[in-house]
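Have a look at the structure below before the remarks.
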There are 10 protein chains.
Amino acid sequence: MSPIHDRLSAGREVVFAKEAKGLSWQQLADALERSLVWTTSALLGQQPLDAEQAQKVGGLLGLDDDAVAALSLPPVRGEAAIDPTEPVTYRLHEALQVYGSALHELIREEFGDGIMSAIDFELSFDREEDPKGDRVKLVWSGKFLPYKVF
Amino acid sequence: MSPIHDRLSAGREVVFAKEAKGLSWQQLADALERSLVWTTSALLGQQPLDAEQAQKVGGLLGLDDDAVAALSLPPVRGEAAIDPTEPVTYRLHEALQVYGSALHELIREEFGDGIMSAIDFELSFDREEDPKGDRVKLVWSGKFLPYKVF
Amino acid sequence: MSPIHDRLSAGREVVFAKEAKGLSWQQLADALERSLVWTTSALLGQQPLDAEQAQKVGGLLGLDDDAVAALSLPPVRGEAAIDPTEPVTYRLHEALQVYGSALHELIREEFGDGIMSAIDFELSFDREEDPKGDRVKLVWSGKFLPYKVF
Amino acid sequence: MSPIHDRLSAGREVVFAKEAKGLSWQQLADALERSLVWTTSALLGQQPLDAEQAQKVGGLLGLDDDAVAALSLPPVRGEAAIDPTEPVTYRLHEALQVYGSALHELIREEFGDGIMSAIDFELSFDREEDPKGDRVKLVWSGKFLPYKVF
Amino acid sequence: MSPIHDRLSAGREVVFAKEAKGLSWQQLADALERSLVWTTSALLGQQPLDAEQAQKVGGLLGLDDDAVAALSLPPVRGEAAIDPTEPVTYRLHEALQVYGSALHELIREEFGDGIMSAIDFELSFDREEDPKGDRVKLVWSGKFLPYKVF
Amino acid sequence: MSPIHDRLSAGREVVFAKEAKGLSWQQLADALERSLVWTTSALLGQQPLDAEQAQKVGGLLGLDDDAVAALSLPPVRGEAAIDPTEPVTYRLHEALQVYGSALHELIREEFGDGIMSAIDFELSFDREEDPKGDRVKLVWSGKFLPYKVF
Amino acid sequence: MSPIHDRLSAGREVVFAKEAKGLSWQQLADALERSLVWTTSALLGQQPLDAEQAQKVGGLLGLDDDAVAALSLPPVRGEAAIDPTEPVTYRLHEALQVYGSALHELIREEFGDGIMSAIDFELSFDREEDPKGDRVKLVWSGKFLPYKVF
Amino acid sequence: MSPIHDRLSAGREVVFAKEAKGLSWQQLADALERSLVWTTSALLGQQPLDAEQAQKVGGLLGLDDDAVAALSLPPVRGEAAIDPTEPVTYRLHEALQVYGSALHELIREEFGDGIMSAIDFELSFDREEDPKGDRVKLVWSGKFLPYKVF
Amino acid sequence: MSPIHDRLSAGREVVFAKEAKGLSWQQLADALERSLVWTTSALLGQQPLDAEQAQKVGGLLGLDDDAVAALSLPPVRGEAAIDPTEPVTYRLHEALQVYGSALHELIREEFGDGIMSAIDFELSFDREEDPKGDRVKLVWSGKFLPYKVF
Amino acid sequence: MSPIHDRLSAGREVVFAKEAKGLSWQQLADALERSLVWTTSALLGQQPLDAEQAQKVGGLLGLDDDAVAALSLPPVRGEAAIDPTEPVTYRLHEALQVYGSALHELIREEFGDGIMSAIDFELSFDREEDPKGDRVKLVWSGKFLPYKVF
């Protein structure tokens, strides 16, 4: 039993069961009392779930015991977590390719020598209504961490 | 004269001159009447500037004619635009590695089969004050584009 | 059950059954009331099919329930969708290698700073009769999308 | 003097001079009595030009002798000819990622075992007017070549 | 059932059965009325076989029905067809590394702007007797194809 | 002075001077009393030339002293010697991709466990006249070398 | 003037001048009132120096004005900062290859879901005397950062 | 039975059983009379265990015979031992990217031409209490090995 | 049945059985009347064994019929034969990185333009006793092969 | 002045001057009172030379002051030291591909868990006379280093 395989395949079973049951990610987030993005990320395999959380999700989705057990394995956050060549994902990377050096410079000017944390980090997802076509709105918030001088 | 080299090296001269003159990115943005992120991205080489804009920036920063000419060459938006192994940039990519599959699923659930555009796209940068340490706040807004069925 | 594996392997079963039944891609396209290229792409795994469409195709081709279920999983559009070293595919890529920079320049001259969409996009396939040997004719049509200035 | 460098840098000088002179690719194509796409591709460095053609282009654009000499060096058609990570170019590749396996199958069904030539090949570029936003239209035409059985 | 796996594994079963039966590639070629190189290439998985040819080979080699069915799947000609790091194969690639630029120049001088086809192509294999040690002799013959000027 | 750079750039100067002087590779081969392929390969940088040979070629082509000196540097036979993505070269590699495993098997059957040498190796280049279009004919001859058993 | 090139080449000039002057890294660290590791890292190009610090180092080492200016450019911390194939460096990476998964597990057990920071991080270097051969002793200290749950 | 697969999968079973039994790595280290880091590394698959050690660990964790047998296979220390893109591991590599060239220089100055061994090497792991947030402390100790001059 | 998988997995079974039976590689070499290095290489999968040799080894080690059959499949000598990132193997490669250009120059000076064969090649392995710690001694012997001039 | 460039280019100047002066590597080794392989490796750039050694070599070869200074820069031992695709070098790597796993097993059986050092290492080069063609003989001697258990 490979944890990498299991958390990712458990994530695929979640997606399948969720569509069969007609549940939304928001309903699953409400059940876990977590935000929409964190919950989706956790159920796909990128955040840790404890046994109780896995049980609760398993109950809602009608997952079998193996899938429930797999949901509480350690998260999978390496490159296996994502296919960067998939078109939706690619555009997110491309935006960083185009605007990343500007973000680097703006952080350096505004905050000094350091980074925007990807750990003390949160992300929200929203639909932004627009008469010219609705938009996806993402808010990224990460703590600034200064490089230690020693 | 390589446009790739020239726009990127012109960007480095902008950074150097801007620090020597004690100007901020916001002041340059005000001069161009564009947003902070777009302006920074343009002056580093990732957005087009017309001759008049290049002239205005060149005047403020005291750039020589060659640098001004280079600023209005076509933008450089391929992989040469960024070093993904640089620590500030890396964390932005890592956030996509961890949260990207969730974003893909959420877009699919909320909007259907399609993508968040990286072209009809805008990005803002802000400091979010926080007693536990200030945070970098980025707002990404991209039009949803449905796959054409034909 | 990996969706990537399943949609792609379902696609291979479609090809196998289609040849066994003596059906053409056009006949399958007519059944789905979609174009030839979209239908072929969908049945090989790159476009979404709803349950009804999957059922209709499954009935025509005599697929079993698992294959039918797999046909309505999310599409596979990342690099797993294609082998770029396969000779037919390689020549399509090579044409872009040779003519791609010209297309970039022509788009920039004619339309301005932006891209030809690969999402609001359609493609047709035809045989072009020619006494010196028939030709493959592809028509690509993609909406021009201007970069947003903000 | 590296021919790779020279043809590509000559191509950049062509773009620069063309914009300074206010000429269009179509005007250059008319002068060479070639199509729009072939001419653009040739002047950027991917097709051969003889001394007379180089001279004619050099005269129109006011290029110096070195640039004119460089224009008649052998064409550069390897991977140096294009940056596949540049956003305009990337979408052309992505369309092949999504539709390439369908094209392979359709060629196999319609023509048999063989390829669409990238050598006996031509490509046109047009603006397709559309009330929902104009479109880029590309027509690819390549001779079908059957694999030789021996 | 993956066709890639199947044609390649069918090829391995052919090699195994051929050695068990004491047959030579030439005998198999005679049965198919094809050349030695084409036949070997086809039975290893790189050329198409129709059902009748697959049946004939299966009968001679005593293959089971699955292997016979697999032999008439589409050929596998992408990078999965060969391991370029294997020593026999590596030397063939190295010869191109050493003599390839000369061949390119000689084709350009003798034929003009174009390629030697790998599709309208045939290859023979022979033992060349030599008192200093016998030699492998390969004759490559490919149609010259001129680049289309349009 | 980098020998890699120098032998390769000397090769480019040879091509340039040869075209300016209207000489053929065969004339240069006759002057060196070597074969057409070896001579072309040597002058492009992949075979050693002694000082006398370099002098003779330099005289015929009117090269300056630096280029003559560079021609007798050690040969460049690593991956810098060739661009495998260039279309003429790519097809030679693709032929190995398609027929390489057959050649491996045929060598193993005919000669036993060993390789076809790329060192005790020679190669000829010819035009093969054909009413359906002339063909490029290459004859490869390499000594069979058995693996030593010890 | 490329900042990447300049900070790294300035670092090489520091090494050269330091050896010519017979200074030690510790003496330079004392002058900057920073630790040994931070100082060495900064002078090689991986930490920021302000103008005053650059001036002080330049004075001690007798650097010219260009090198002094280059020393206060932004730090270079991407992959250009190091050659991982160099033997000293390789062994540091190999130790992570062998012990990294253990460190990951031990952090997870002791601290929970999170990382050891590479930003709020310090490192010391010492000689550990040992009769069987002196040892290099490195102490790594990085703040534990828990993943934010939101 | 692949030893690579088996030692790594045995390591995953150890982690699973350890959490089910509520044991700590320190308790397992005490049982083996080895240090915390070595024991964790060995049980995850990177150090050799003899049959007696495997038996002792298997007894404590309630592993089955296959897992016990797998624990005494040769260690797995190649790149399969670790996923460098996993965020915890990545930061360890990044620290080397930022401080590695300084370590190289400091070893060269202090010890001369040679390396810090990754074989005659030990590593400790500790929690460092800190009011601003506890820290991970790693002590690396590796014998200096001078390059042999011969 | 994949020959690559089978020869390599048969090699792993040989190692396992050899340790269970308490046999040494030398004893297996004596049984085959081959050298120590060739025998070990052959049993791990890199040299051909005929049916009789496979039978003899199978008998000594108590292998089952499948493993014996697998031992006489063609050898596996491509990159699958070795993991270059494994620490023992890495150091052998690193020695070539450090001393390889010297060997190239010394072969060129002593023998002329050509290579040291890896086919007409043998290798011995010995323990070299040394009071400062025993050493591994390898003797490589490969026939010099001059490049053919034609 | 890049030390990587300088030591490597100094090495190329050594080769050039040595051939012009008609000196052998052995004569240079005698002058330095070092072995043939170490000396060649040092003069090509992979071992350190002190100022006196650089002076002595510079005198013998008639190098200018810059080249002499470059000879005493730190050695270059990373991947820039060698081109692994060059045919002479490739065969050395291929021998490791074929015999490396055997060496790993033999070291493990004879010495236990550890490596053959590439640092406490020496290498000799000899011509082995053989009526069937002279051979290159290399003797590798590296200290066995056991993994530390802690």
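Letters for chains follow the order of the structure tokens (A, B, ...), residue numbers begin at 1 for each chain, and ligand numbers begin at 1 in the order shown.
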Sort by chain and increasing residue number a table of all residues of chain E within 12 Å of chain C, each with its closest pair of atoms and their distance in Å to one decimal, counting only C-alpha atoms, and write it as a Markdown table.
| residue | atom | partner | partner_atom | distance |
| --- | --- | --- | --- | --- |
| E:Met1 | CA | C:Ser9 | CA | 7.0 |
| E:Ser2 | CA | C:Ser9 | CA | 6.7 |
| E:Pro3 | CA | C:Arg12 | CA | 7.5 |
| E:Ile4 | CA | C:Arg12 | CA | 10.2 |
| E:His5 | CA | C:Ser9 | CA | 11.7 |
| E:Asp6 | CA | C:Arg12 | CA | 11.7 |
| E:Gln46 | CA | C:Glu86 | CA | 11.0 |
| E:Ala51 | CA | C:Ala20 | CA | 11.4 |
| E:Ala69 | CA | C:Phe16 | CA | 10.6 |
| E:Ala70 | CA | C:Phe16 | CA | 10.8 |
| E:Ser72 | CA | C:Phe16 | CA | 10.6 |
| E:Leu73 | CA | C:Phe16 | CA | 8.4 |
| E:Pro74 | CA | C:Phe16 | CA | 10.0 |
| E:Pro75 | CA | C:Glu86 | CA | 10.1 |
| E:Val76 | CA | C:Glu86 | CA | 7.9 |
| E:Arg77 | CA | C:Glu86 | CA | 5.6 |
| E:Gly78 | CA | C:Glu86 | CA | 3.9 |
| E:Glu79 | CA | C:Thr85 | CA | 5.8 |
| E:Ala80 | CA | C:Thr85 | CA | 8.9 |
| E:Ala81 | CA | C:Glu86 | CA | 9.6 |
| E:Ile82 | CA | C:Thr85 | CA | 11.5 |
| E:Ser117 | CA | C:Pro87 | CA | 11.7 |
| E:Ala118 | CA | C:Pro87 | CA | 9.3 |
| E:Ile119 | CA | C:Pro87 | CA | 9.1 |
| E:Tyr147 | CA | C:Val98 | CA | 11.3 |
Take the residues that were just selected and, keeping N, CA and C atoms, output them as a short mmCIF file (atom, residue, chain, number, x, y, z; two decimals), in the first residue's frame.
data_model
loop_
_atom_site.label_atom_id
_atom_site.label_comp_id
_atom_site.auth_asym_id
_atom_site.auth_seq_id
_atom_site.Cartn_x
_atom_site.Cartn_y
_atom_site.Cartn_z
N MET E 1 -6.50 -2.99 -21.87
CA MET E 1 -5.50 -3.46 -22.84
C MET E 1 -4.85 -2.28 -23.54
N SER E 2 -3.60 -2.03 -23.23
CA SER E 2 -2.87 -0.93 -23.86
C SER E 2 -2.24 -1.41 -25.16
N PRO E 3 -2.55 -0.78 -26.31
CA PRO E 3 -1.92 -1.21 -27.57
C PRO E 3 -0.40 -1.07 -27.52
N ILE E 4 0.08 -0.01 -26.88
CA ILE E 4 1.53 0.11 -26.78
C ILE E 4 2.11 -1.10 -26.10
N HIS E 5 1.57 -1.41 -24.96
CA HIS E 5 2.08 -2.58 -24.25
C HIS E 5 1.92 -3.81 -25.13
N ASP E 6 0.76 -3.93 -25.73
CA ASP E 6 0.48 -5.17 -26.41
C ASP E 6 1.34 -5.41 -27.64
N GLN E 46 6.76 -2.29 -35.09
CA GLN E 46 6.87 -0.96 -35.70
C GLN E 46 6.22 -0.81 -37.07
N ALA E 51 -4.92 -8.70 -40.34
CA ALA E 51 -5.33 -9.89 -39.59
C ALA E 51 -4.76 -11.16 -40.22
N ALA E 69 -3.99 -11.37 -31.93
CA ALA E 69 -4.80 -10.14 -31.99
C ALA E 69 -3.92 -8.91 -31.78
N ALA E 70 -3.02 -9.01 -30.83
CA ALA E 70 -2.15 -7.87 -30.52
C ALA E 70 -1.28 -7.50 -31.72
N SER E 72 -1.99 -7.28 -34.73
CA SER E 72 -2.60 -6.41 -35.75
C SER E 72 -3.08 -5.07 -35.18
N LEU E 73 -2.69 -4.76 -33.97
CA LEU E 73 -2.95 -3.42 -33.45
C LEU E 73 -2.08 -2.41 -34.20
N PRO E 74 -2.39 -1.09 -34.11
CA PRO E 74 -1.55 -0.09 -34.79
C PRO E 74 -0.09 -0.17 -34.32
N PRO E 75 0.84 0.17 -35.21
CA PRO E 75 2.26 0.07 -34.86
C PRO E 75 2.66 1.08 -33.78
N VAL E 76 3.74 0.79 -33.08
CA VAL E 76 4.31 1.65 -32.04
C VAL E 76 5.62 2.22 -32.57
N ARG E 77 5.61 3.51 -32.91
CA ARG E 77 6.81 4.09 -33.53
C ARG E 77 7.37 5.27 -32.75
N GLY E 78 6.84 5.55 -31.58
CA GLY E 78 7.36 6.64 -30.76
C GLY E 78 8.59 6.17 -29.98
N GLU E 79 9.00 6.98 -28.99
CA GLU E 79 10.24 6.66 -28.29
C GLU E 79 10.18 5.36 -27.50
N ALA E 80 8.94 4.85 -27.23
CA ALA E 80 8.84 3.57 -26.55
C ALA E 80 9.36 2.42 -27.40
N ALA E 81 9.55 2.66 -28.71
CA ALA E 81 9.97 1.60 -29.61
C ALA E 81 11.43 1.19 -29.42
N ILE E 82 12.20 1.96 -28.69
CA ILE E 82 13.64 1.71 -28.66
C ILE E 82 14.26 2.29 -27.39
N SER E 117 13.47 11.44 -46.83
CA SER E 117 12.26 10.96 -46.15
C SER E 117 12.54 9.75 -45.26
N ALA E 118 11.90 9.73 -44.09
CA ALA E 118 11.94 8.54 -43.23
C ALA E 118 10.65 7.74 -43.39
N ILE E 119 9.80 8.14 -44.36
CA ILE E 119 8.52 7.47 -44.58
C ILE E 119 8.57 6.71 -45.91
N TYR E 147 11.45 21.17 -49.69
CA TYR E 147 10.53 22.05 -48.96
C TYR E 147 9.65 22.79 -49.96
#
Can you check which residues of chain G DSSP gives as strand (DSSP E or B) on the backbone and send them as JSON, numbers by chain? {"G": [114, 115, 116, 117, 118, 119, 120, 121, 122, 123, 124, 125, 126, 127, 128, 135, 136, 137, 138, 139, 140, 141, 142, 143, 144, 145, 146]}
Write out as a list in words each polymer residue whose atoms come within 12 Å of B:Val68, counting only C-alpha atoms; drop sequence neighbours fewer than 3 positions from it.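 Final neighbour list, sorted by chain and number: Asp6, Arg7, Ser9, Ala10, Gly11, Glu13, Val14, Leu43, Leu49, Asp50, Ala51, Glu52, Gln53, Ala54, Gln55, Lys56, Val57, Gly58, Gly59, Leu60, Leu61, Gly62, Leu63, Asp64, Asp65, Leu71, Ser72 and Leu73 of chain B.
Atom to atom, atom CA of H:Leu123 and atom CA of J:Leu145 stand 17.4 Å apart.
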Might you pull out every residue within 10 Å of E:Gln26, with only C-alpha atoms counted and same-chain residues fewer than 6 positions away left off, and present them as an MDAnalysis selection string? (chainID E and resid 32:37 39:40) or (chainID F and resid 106)
Give me a file of those residues, with all heavy atoms, as an mmCIF file, in the first residue's frame.
data_model
loop_
_atom_site.group_PDB
_atom_site.id
_atom_site.type_symbol
_atom_site.label_atom_id
_atom_site.label_comp_id
_atom_site.auth_asym_id
_atom_site.auth_seq_id
_atom_site.Cartn_x
_atom_site.Cartn_y
_atom_site.Cartn_z
ATOM 1 N N LEU E 32 5.857 -13.956 -45.067
ATOM 2 C CA LEU E 32 5.058 -12.745 -45.286
ATOM 3 C C LEU E 32 5.304 -12.120 -46.651
ATOM 4 O O LEU E 32 4.656 -11.126 -47.017
ATOM 5 C CB LEU E 32 5.356 -11.703 -44.191
ATOM 6 C CG LEU E 32 4.867 -12.029 -42.785
ATOM 7 C CD1 LEU E 32 5.253 -10.908 -41.813
ATOM 8 C CD2 LEU E 32 3.333 -12.184 -42.779
ATOM 9 N N GLU E 33 6.294 -12.644 -47.381
ATOM 10 C CA GLU E 33 6.678 -12.072 -48.681
ATOM 11 C C GLU E 33 7.027 -10.593 -48.550
ATOM 12 O O GLU E 33 6.585 -9.750 -49.339
ATOM 13 C CB GLU E 33 5.567 -12.306 -49.733
ATOM 14 C CG GLU E 33 5.369 -13.793 -49.992
ATOM 15 C CD GLU E 33 4.194 -14.076 -50.930
ATOM 16 O OE1 GLU E 33 4.144 -13.476 -52.024
ATOM 17 O OE2 GLU E 33 3.331 -14.893 -50.544
ATOM 18 N N ARG E 34 7.786 -10.323 -47.521
ATOM 19 C CA ARG E 34 8.308 -8.970 -47.310
ATOM 20 C C ARG E 34 9.823 -9.081 -47.101
ATOM 21 O O ARG E 34 10.363 -10.182 -46.947
ATOM 22 C CB ARG E 34 7.689 -8.337 -46.043
ATOM 23 C CG ARG E 34 6.228 -8.042 -46.118
ATOM 24 C CD ARG E 34 5.979 -6.711 -46.844
ATOM 25 N NE ARG E 34 4.553 -6.449 -47.005
ATOM 26 C CZ ARG E 34 3.824 -6.796 -48.066
ATOM 27 N NH1 ARG E 34 4.386 -7.428 -49.096
ATOM 28 N NH2 ARG E 34 2.541 -6.501 -48.123
ATOM 29 N N SER E 35 10.484 -7.920 -47.065
ATOM 30 C CA SER E 35 11.935 -7.945 -46.869
ATOM 31 C C SER E 35 12.272 -8.314 -45.428
ATOM 32 O O SER E 35 11.418 -8.278 -44.535
ATOM 33 C CB SER E 35 12.514 -6.569 -47.183
ATOM 34 O OG SER E 35 12.074 -5.662 -46.191
ATOM 35 N N LEU E 36 13.551 -8.629 -45.222
ATOM 36 C CA LEU E 36 14.032 -9.038 -43.900
ATOM 37 C C LEU E 36 13.845 -7.918 -42.873
ATOM 38 O O LEU E 36 13.327 -8.141 -41.766
ATOM 39 C CB LEU E 36 15.528 -9.380 -44.030
ATOM 40 C CG LEU E 36 16.250 -9.816 -42.769
ATOM 41 C CD1 LEU E 36 15.676 -11.110 -42.233
ATOM 42 C CD2 LEU E 36 17.749 -9.992 -43.058
ATOM 43 N N VAL E 37 14.258 -6.706 -43.211
ATOM 44 C CA VAL E 37 14.197 -5.616 -42.234
ATOM 45 C C VAL E 37 12.746 -5.224 -41.933
ATOM 46 O O VAL E 37 12.359 -5.070 -40.779
ATOM 47 C CB VAL E 37 15.000 -4.385 -42.716
ATOM 48 C CG1 VAL E 37 14.753 -3.190 -41.810
ATOM 49 C CG2 VAL E 37 16.495 -4.703 -42.765
ATOM 50 N N THR E 39 10.061 -7.023 -42.171
ATOM 51 C CA THR E 39 9.396 -8.085 -41.416
ATOM 52 C C THR E 39 9.813 -8.060 -39.947
ATOM 53 O O THR E 39 8.966 -8.144 -39.045
ATOM 54 C CB THR E 39 9.746 -9.458 -42.023
ATOM 55 O OG1 THR E 39 9.314 -9.470 -43.381
ATOM 56 C CG2 THR E 39 9.076 -10.577 -41.246
ATOM 57 N N THR E 40 11.104 -7.941 -39.716
ATOM 58 C CA THR E 40 11.563 -7.921 -38.318
ATOM 59 C C THR E 40 10.973 -6.725 -37.597
ATOM 60 O O THR E 40 10.479 -6.849 -36.464
ATOM 61 C CB THR E 40 13.109 -7.860 -38.287
ATOM 62 O OG1 THR E 40 13.626 -8.895 -39.132
ATOM 63 C CG2 THR E 40 13.630 -8.055 -36.887
ATOM 64 N N LEU F 106 18.486 -8.303 -35.646
ATOM 65 C CA LEU F 106 19.135 -8.934 -36.804
ATOM 66 C C LEU F 106 20.631 -9.106 -36.551
ATOM 67 O O LEU F 106 21.211 -10.126 -36.933
ATOM 68 C CB LEU F 106 18.867 -8.111 -38.067
ATOM 69 C CG LEU F 106 17.408 -8.202 -38.547
ATOM 70 C CD1 LEU F 106 17.118 -7.116 -39.590
ATOM 71 C CD2 LEU F 106 17.120 -9.588 -39.133
#
